[in-house]
Amino acid sequence: MTRSGYVDSDGLQVYYEQVGEGSPMMLVHGWGADTQSNWVDTGWVNVLKKLRRVISIDVRGHGRSDKPYALEPYSYAAMSRDVINVMDALNIRKADFMGYSMGSFMGAYLLGHHPHRFTSMVLGGIGDETESSAAQGEVIAQALRATNAASIDNPAGQGVRRFVEANPNNDLESLAYSALRMWPEGYPLKVAGDNIAQADLPVLIVNGDKDHPYVDSADNFASALLNARHETLPDADHLSAVTHNDFKQIVIDFLHSH
């Protein structure tokens, strides 16, 4: 049975769901997604609940959580507090962690600032932005704020607008704010900070082999950690990797291994 509720995080109401029994595992979705679209509809919760007590959150600005219209609440440092505050509210001292995309960058922050709260991490869809990809935050915000979707002339903006509008829980304005704040921060070692070198918990990094630019720099991220490895999924890009069958098996094996 799925149990759900809300936790106060920086004065915002953050929604969570939990299912299963045993050791806790936190799931944190990607930008423009939520618990339902990232973890339930893709079969992840059904797989992981057989191994862990799974707690998934809707990060601020997403899903059923509050959606502030401001830049500051969407820094990775601020959003990561949603994870810690939910854990504290549920009396979870330590947990496994799995994030995808935005959720993985939050995981990088948590690795550098709260490593003692986690027993292992799975970080999917993560690596460095490039100068050009980091600038896409402005393109995305403009596309989300366009009065008429048909007026968007940038193909990337058109694609993101379609992706966001496909989820009825999304709010275009809050996601525009988050895009403007998040994309320029998209460098996991900088997000993590200098203490990342002391985080010794097992870390599994997973990217689709066509997920550029992230897959191109993820080895550098892994090599900066004490106990990390990087796996790639064949013929997968940033969106298709989430439902790749190999991904689930790699994660299951990783969880069993420790």
# chains A, B, ... in the order shown; residues from 1 in each chain; ligands from 1
>>> residues_around(residues="region 109-119 of chain A", least_positions_apart="4", cutoff="10 Å", atoms="only C-alpha atoms", output="PyMOL selection string")
chain A and resi 24-26+76-81+83-84+87+92-97+103-105+188-203+225+258
>>> residues_around(residues="region 45-54 of chain A", least_positions_apart="5", cutoff="9 Å", atoms="only C-alpha atoms", output="PyMOL selection string")
chain A and resi 17-27+39-40+96+248+252+255-256
>>> residues_around(residues="Asp58 (chain A)", least_positions_apart="3", cutoff="7 Å", atoms="only C-alpha atoms", output="PyMOL selection string")
chain A and resi 14-16+34-35+62-65
>>> write_last_selection(atoms="C-alpha atoms", output="mmCIF file, in the first residue's frame")
data_model
loop_
_atom_site.group_PDB
_atom_site.id
_atom_site.type_symbol
_atom_site.label_atom_id
_atom_site.label_comp_id
_atom_site.auth_asym_id
_atom_site.auth_seq_id
_atom_site.Cartn_x
_atom_site.Cartn_y
_atom_site.Cartn_z
ATOM 1 C CA VAL A 14 6.734 18.991 -0.330
ATOM 2 C CA TYR A 15 4.800 15.894 -1.337
ATOM 3 C CA TYR A 16 6.143 12.377 -0.795
ATOM 4 C CA ASP A 34 7.518 13.998 -10.772
ATOM 5 C CA THR A 35 7.135 10.820 -8.732
ATOM 6 C CA HIS A 62 7.092 19.896 -9.458
ATOM 7 C CA GLY A 63 4.220 17.470 -9.129
ATOM 8 C CA ARG A 64 2.027 18.016 -6.082
ATOM 9 C CA SER A 65 4.558 20.130 -4.177
#
>>> closest_residue(among="A:Ala134, A:Ala108, A:Ile126, A:Ile140", to="His230 (chain A)", atoms="only C-alpha atoms")
A:Ile126
>>> select_by_dssp(residues="region 36-86 of chain A", states="alpha helix (DSSP H)", output="list in words")
Trp44, Val45, Asn46, Val47, Leu48, Tyr76, Ala77, Ala78, Met79, Ser80, Arg81, Asp82, Val83, Ile84, Asn85 and Val86 of chain A
>>> residues_around(residues="region 152-158 of chain A", least_positions_apart="3", cutoff="8 Å", atoms="only C-alpha atoms", output="PyMOL selection string")
chain A and resi 139-140+142-144+146+148-149+161-162
>>> select_by_dssp(residues="region 118-179 of chain A", states="strand (DSSP E or B)", output="PyMOL selection string")
chain A and resi 118-124
>>> closest_residue(among="A:Gly5, A:Gly107, A:Gly30, A:Pro168", to="Ala89 (chain A)", atoms="only C-alpha atoms")
A:Gly5
>>> closest_residue(among="A:Ala224, A:Ala166, A:Leu71, A:Leu204", to="Trp183 (chain A)", atoms="only C-alpha atoms")
A:Leu71
>>> closest_residue(among="A:Val206, A:Val122, A:Leu226, A:Met106", to="Gly186 (chain A)", atoms="only C-alpha atoms")
A:Met106
>>> atom_distance(atom1="CA of Val7 (chain A)", atom2="CA of Gly43 (chain A)")
25.0 Å
>>> residues_around(residues="Ile250 (chain A)", least_positions_apart="3", cutoff="12 Å", atoms="only C-alpha atoms", output="ChimeraX atom specification")
/A:122-124,204-207,229-233,244-247,253-257
>>> decode(residues="region 217-228 of chain A", atoms="all heavy atoms", output="PDB file, in the first residue's frame")
ATOM      1  N   SER A 217      31.525  13.507 -19.807  1.00  0.00           N
ATOM      2  CA  SER A 217      32.295  13.981 -18.652  1.00  0.00           C
ATOM      3  C   SER A 217      32.038  13.175 -17.389  1.00  0.00           C
ATOM      4  O   SER A 217      32.653  13.445 -16.354  1.00  0.00           O
ATOM      5  CB  SER A 217      31.983  15.455 -18.376  1.00  0.00           C
ATOM      6  OG  SER A 217      30.593  15.641 -18.168  1.00  0.00           O
ATOM      7  N   ALA A 218      31.151  12.199 -17.446  1.00  0.00           N
ATOM      8  CA  ALA A 218      30.792  11.463 -16.230  1.00  0.00           C
ATOM      9  C   ALA A 218      31.952  10.657 -15.662  1.00  0.00           C
ATOM     10  O   ALA A 218      32.025  10.438 -14.448  1.00  0.00           O
ATOM     11  CB  ALA A 218      29.596  10.558 -16.498  1.00  0.00           C
ATOM     12  N   ASP A 219      32.870  10.207 -16.515  1.00  0.00           N
ATOM     13  CA  ASP A 219      34.042   9.495 -16.000  1.00  0.00           C
ATOM     14  C   ASP A 219      34.881  10.404 -15.107  1.00  0.00           C
ATOM     15  O   ASP A 219      35.457   9.948 -14.104  1.00  0.00           O
ATOM     16  CB  ASP A 219      34.903   8.967 -17.145  1.00  0.00           C
ATOM     17  CG  ASP A 219      34.307   7.721 -17.791  1.00  0.00           C
ATOM     18  OD1 ASP A 219      33.503   7.031 -17.131  1.00  0.00           O
ATOM     19  OD2 ASP A 219      34.638   7.438 -18.950  1.00  0.00           O
ATOM     20  N   ASN A 220      34.968  11.684 -15.462  1.00  0.00           N
ATOM     21  CA  ASN A 220      35.713  12.629 -14.629  1.00  0.00           C
ATOM     22  C   ASN A 220      35.048  12.781 -13.261  1.00  0.00           C
ATOM     23  O   ASN A 220      35.735  12.863 -12.238  1.00  0.00           O
ATOM     24  CB  ASN A 220      35.793  13.994 -15.314  1.00  0.00           C
ATOM     25  CG  ASN A 220      36.583  13.957 -16.605  1.00  0.00           C
ATOM     26  OD1 ASN A 220      37.479  13.124 -16.766  1.00  0.00           O
ATOM     27  ND2 ASN A 220      36.268  14.842 -17.530  1.00  0.00           N
ATOM     28  N   PHE A 221      33.736  12.817 -13.267  1.00  0.00           N
ATOM     29  CA  PHE A 221      32.994  12.899 -12.018  1.00  0.00           C
ATOM     30  C   PHE A 221      33.257  11.658 -11.166  1.00  0.00           C
ATOM     31  O   PHE A 221      33.575  11.748  -9.970  1.00  0.00           O
ATOM     32  CB  PHE A 221      31.505  13.069 -12.321  1.00  0.00           C
ATOM     33  CG  PHE A 221      30.607  13.159 -11.115  1.00  0.00           C
ATOM     34  CD1 PHE A 221      31.018  13.799  -9.954  1.00  0.00           C
ATOM     35  CD2 PHE A 221      29.328  12.613 -11.156  1.00  0.00           C
ATOM     36  CE1 PHE A 221      30.175  13.891  -8.843  1.00  0.00           C
ATOM     37  CE2 PHE A 221      28.482  12.704 -10.059  1.00  0.00           C
ATOM     38  CZ  PHE A 221      28.913  13.339  -8.902  1.00  0.00           C
ATOM     39  N   ALA A 222      33.151  10.488 -11.792  1.00  0.00           N
ATOM     40  CA  ALA A 222      33.363   9.234 -11.055  1.00  0.00           C
ATOM     41  C   ALA A 222      34.770   9.151 -10.480  1.00  0.00           C
ATOM     42  O   ALA A 222      34.960   8.694  -9.341  1.00  0.00           O
ATOM     43  CB  ALA A 222      33.084   8.044 -11.956  1.00  0.00           C
ATOM     44  N   SER A 223      35.760   9.585 -11.246  1.00  0.00           N
ATOM     45  CA  SER A 223      37.145   9.469 -10.788  1.00  0.00           C
ATOM     46  C   SER A 223      37.458  10.405  -9.631  1.00  0.00           C
ATOM     47  O   SER A 223      38.440  10.198  -8.907  1.00  0.00           O
ATOM     48  CB  SER A 223      38.111   9.729 -11.955  1.00  0.00           C
ATOM     49  OG  SER A 223      38.004  11.073 -12.402  1.00  0.00           O
ATOM     50  N   ALA A 224      36.635  11.431  -9.427  1.00  0.00           N
ATOM     51  CA  ALA A 224      36.842  12.353  -8.310  1.00  0.00           C
ATOM     52  C   ALA A 224      36.285  11.801  -7.003  1.00  0.00           C
ATOM     53  O   ALA A 224      36.541  12.370  -5.939  1.00  0.00           O
ATOM     54  CB  ALA A 224      36.198  13.702  -8.618  1.00  0.00           C
ATOM     55  N   LEU A 225      35.541  10.698  -7.080  1.00  0.00           N
ATOM     56  CA  LEU A 225      34.943  10.086  -5.892  1.00  0.00           C
ATOM     57  C   LEU A 225      35.785   8.898  -5.436  1.00  0.00           C
ATOM     58  O   LEU A 225      36.495   8.274  -6.224  1.00  0.00           O
ATOM     59  CB  LEU A 225      33.515   9.632  -6.196  1.00  0.00           C
ATOM     60  CG  LEU A 225      32.567  10.710  -6.738  1.00  0.00           C
ATOM     61  CD1 LEU A 225      31.236  10.083  -7.125  1.00  0.00           C
ATOM     62  CD2 LEU A 225      32.353  11.804  -5.713  1.00  0.00           C
ATOM     63  N   LEU A 226      35.679   8.559  -4.168  1.00  0.00           N
ATOM     64  CA  LEU A 226      36.486   7.475  -3.605  1.00  0.00           C
ATOM     65  C   LEU A 226      35.986   6.099  -4.023  1.00  0.00           C
ATOM     66  O   LEU A 226      36.773   5.158  -4.121  1.00  0.00           O
ATOM     67  CB  LEU A 226      36.490   7.579  -2.074  1.00  0.00           C
ATOM     68  CG  LEU A 226      37.282   8.737  -1.471  1.00  0.00           C
ATOM     69  CD1 LEU A 226      37.063   8.785   0.039  1.00  0.00           C
ATOM     70  CD2 LEU A 226      38.768   8.581  -1.790  1.00  0.00           C
ATOM     71  N   ASN A 227      34.679   5.986  -4.265  1.00  0.00           N
ATOM     72  CA  ASN A 227      34.100   4.654  -4.474  1.00  0.00           C
ATOM     73  C   ASN A 227      32.969   4.734  -5.491  1.00  0.00           C
ATOM     74  O   ASN A 227      31.807   4.525  -5.161  1.00  0.00           O
ATOM     75  CB  ASN A 227      33.594   4.102  -3.134  1.00  0.00           C
ATOM     76  CG  ASN A 227      33.156   2.655  -3.211  1.00  0.00           C
ATOM     77  OD1 ASN A 227      33.390   1.972  -4.200  1.00  0.00           O
ATOM     78  ND2 ASN A 227      32.500   2.183  -2.156  1.00  0.00           N
ATOM     79  N   ALA A 228      33.317   5.064  -6.730  1.00  0.00           N
ATOM     80  CA  ALA A 228      32.293   5.270  -7.763  1.00  0.00           C
ATOM     81  C   ALA A 228      32.687   4.589  -9.063  1.00  0.00           C
ATOM     82  O   ALA A 228      33.876   4.392  -9.351  1.00  0.00           O
ATOM     83  CB  ALA A 228      32.080   6.757  -8.006  1.00  0.00           C
TER      84      ALA A 228
END
